[in-house]
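Heads up, the thing below is written out as structure tokens.
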Amino acid sequence: MEPQVELVVDAIELVRPSIERLFERTVRQELHIVVMNPRLKPWEASFEEALLHERSLGTPEQWDKPYDKLARQKARQAWRHRSPNIYQQLVHPASLQEDDVLYMGTFVYGDIVVACSGVQPWYDMLISGWIALTIEQLSMHAYQTIKSENPTQVTLQGS
């Protein structure tokens with residue numbers, strides 16, 4: 001597994017206890033998570049190329065709706081606009097496209113885009129935020145570790 005994906009998996013596992021606790025308040029205990037590659041921008045890659053990681057919680061074979069597809073559509077919308085999809089829905093609905101999902105559920109933090117679908121939209125957004133912030137802080141830790149262990153290194157790849 002590539003290091004960037006490992007970090008995302010670690011972030012999801014770190015917040016998973018909170019997700020499971022939140023499931024006690026939600027209408028269902030099903031969730032699909034989509035994380036976009038923060039290193040790729042919409043003008044540099046296709047959406048499919050920029051998908052970094054997806055994860056399902058619950059029992060996908062019993063879903064009453066295609067939460068994976070909905071989460072991908074939410075992620076596509078947020079990645080395209082570089083802002084949470086709630087922003088287009090509430091402030092700029094003229095920018096909505098025919099295949100855009102009409103429910104919030106994304107969080108954008110810097111270049112990190114996370115989308116969730118499966119529980120109430122406001123909880124989808126909350127979980128997306130938890131994951132996005134965790135990814136950024138784990139990345140900050142990795143970055144600071146590289147700098148302290150290799151003080152003469154000038155790029156992330158050491159060149």
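Starting from 1 in every chain, residues are counted up; chains themselves are A, B, ... following the order of the structure tokens, and ligands are numbered from 1 as listed.
Scanning region 49-122 of chain A with DSSP on the backbone, the alpha helix (DSSP H) assignments fall on Glu49, Ala50, Tyr67, Asp68, Lys69, Leu70, Ala71, Arg72, Gln73, Lys74, Ala75, Arg76, Gln77, Ala78, Trp79, Arg80, His81, Asn85, Ile86, Tyr87, Gln88, Gln89, Leu90, Pro121 and Trp122 of chain A.
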Q) Looking at A:Pro3, A:Ala78, A:Ala11, A:Trp43, which one is nearest to Glu136 (chain A), with distances taken over only C-alpha atoms? A) A:Ala11
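What separates CA of Trp79 (chain A) from CA of Val27 (chain A) is a distance of 27.0 Å.
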Q | Atomic distance CA of Tyr87 (chain A) - CA of Asp68 (chain A), expressed in Å with one decimal | A | 21.5 Å
In chain A, what's strand (DSSP E) per DSSP? Answer as a compact mmCIF listing (two decimals) with N, CA and C atoms, in the first residue's frame?
```txt
# COMPACT_ATOMS: atom_id res chain seq x y z
N LEU A 31 -22.23 3.27 5.85
CA LEU A 31 -21.49 4.46 5.43
C LEU A 31 -20.50 4.09 4.33
N HIS A 32 -20.36 4.98 3.36
CA HIS A 32 -19.30 4.86 2.38
C HIS A 32 -18.49 6.14 2.43
N ILE A 33 -17.17 5.98 2.44
CA ILE A 33 -16.24 7.10 2.56
C ILE A 33 -15.40 7.18 1.29
N VAL A 34 -15.25 8.40 0.77
CA VAL A 34 -14.40 8.64 -0.40
C VAL A 34 -13.40 9.73 -0.03
N VAL A 35 -12.13 9.47 -0.32
CA VAL A 35 -11.08 10.46 -0.09
C VAL A 35 -10.38 10.72 -1.42
N MET A 36 -10.30 11.99 -1.76
CA MET A 36 -9.63 12.38 -3.00
C MET A 36 -8.15 12.62 -2.73
N LEU A 51 -9.22 9.73 -7.35
CA LEU A 51 -9.76 8.96 -6.23
C LEU A 51 -8.61 8.27 -5.51
N LEU A 52 -8.40 8.61 -4.25
CA LEU A 52 -7.29 8.03 -3.51
C LEU A 52 -7.69 6.78 -2.74
N HIS A 53 -8.85 6.84 -2.08
CA HIS A 53 -9.25 5.70 -1.26
C HIS A 53 -10.76 5.72 -1.03
N GLU A 54 -11.35 4.53 -0.98
CA GLU A 54 -12.76 4.36 -0.64
C GLU A 54 -12.87 3.27 0.41
N ARG A 55 -13.86 3.44 1.27
CA ARG A 55 -14.06 2.46 2.34
C ARG A 55 -15.54 2.40 2.69
N SER A 56 -16.06 1.20 2.83
CA SER A 56 -17.45 1.01 3.25
C SER A 56 -17.48 0.48 4.67
N LEU A 57 -18.41 0.98 5.46
CA LEU A 57 -18.67 0.47 6.79
C LEU A 57 -20.10 -0.06 6.81
N THR A 106 -19.91 16.45 2.44
CA THR A 106 -18.48 16.56 2.13
C THR A 106 -17.82 17.55 3.07
N PHE A 107 -16.51 17.46 3.10
CA PHE A 107 -15.71 18.41 3.86
C PHE A 107 -14.44 18.65 3.07
N VAL A 108 -14.08 19.91 2.92
CA VAL A 108 -12.87 20.28 2.21
C VAL A 108 -12.00 21.06 3.18
N TYR A 109 -10.79 20.58 3.38
CA TYR A 109 -9.83 21.22 4.28
C TYR A 109 -8.54 21.39 3.52
N ILE A 112 -7.62 18.74 0.86
CA ILE A 112 -8.18 17.43 1.21
C ILE A 112 -9.69 17.48 1.02
N VAL A 113 -10.21 16.55 0.22
CA VAL A 113 -11.64 16.43 -0.03
C VAL A 113 -12.08 15.05 0.45
N VAL A 114 -13.06 15.03 1.36
CA VAL A 114 -13.60 13.77 1.86
C VAL A 114 -15.12 13.85 1.71
N ALA A 115 -15.72 12.75 1.29
CA ALA A 115 -17.18 12.67 1.16
C ALA A 115 -17.66 11.39 1.82
N CYS A 116 -18.83 11.48 2.43
CA CYS A 116 -19.46 10.31 3.04
C CYS A 116 -20.92 10.28 2.65
N SER A 117 -21.46 9.07 2.59
CA SER A 117 -22.88 8.90 2.37
C SER A 117 -23.33 7.64 3.09
```
Q: Go through A:Leu90, A:Ala45, A:Ile127, A:Val8 and flag the residue nearest Glu20 (chain A), using only C-alpha atoms for the distances.
A: A:Ile127
(Q) If we count only C-alpha atoms and set the cut-off at 9 Å, which residues sit around Arg80 (chain A), ignoring sequence neighbours fewer than 2 positions away in its own chain? Please answer as a list in words. (A) Lys41, Pro42, Phe47, Ala75, Arg76, Gln77, Ala78, Arg82 and Ser83 of chain A
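Among the candidates A:Ser128, A:Gln137, A:Gln73, A:Gln144, the one nearest to Ile19 (chain A) when counting only C-alpha atoms is A:Ser128.
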Can you tell me, as a compact mmCIF listing (two decimals) with C-alpha atoms, in the first residue's frame, what residues are no more than 10 Å from Asp10 (chain A) when counting only C-alpha atoms, ignoring any on the same chain fewer than 3 positions away?
```txt
# COMPACT_ATOMS: atom_id res chain seq x y z
CA GLN A 4 -0.45 8.25 1.16
CA VAL A 5 -3.14 5.55 1.20
CA GLU A 6 -1.71 4.09 4.42
CA LEU A 7 -2.08 7.49 6.05
CA GLU A 13 -9.21 3.85 11.79
CA LEU A 14 -8.39 6.61 14.28
CA VAL A 15 -11.85 8.18 13.94
CA ARG A 16 -13.71 4.88 13.56
CA ILE A 131 -11.44 12.28 8.53
CA THR A 134 -7.15 13.70 10.88
CA ILE A 135 -5.51 13.22 7.48
CA LEU A 138 -1.19 12.91 10.44
```
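Taking CA of Gln97 (chain A) and CA of Lys74 (chain A) as the two end points, the separation is 11.6 Å.
Distances to Asp64 (chain A) were evaluated for A:Ser139, A:Gln157, A:Gln29, A:Gln88 using only C-alpha atoms, and the minimum falls at A:Gln29.
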(Q) Show me, as a VMD selection string, the residues that have an atom within 9 Å of Pro121 (chain A) when counting only C-alpha atoms, minus same-chain residues fewer than 2 positions from it. (A) chain A and resid 103 to 106 116 to 119 123 to 126
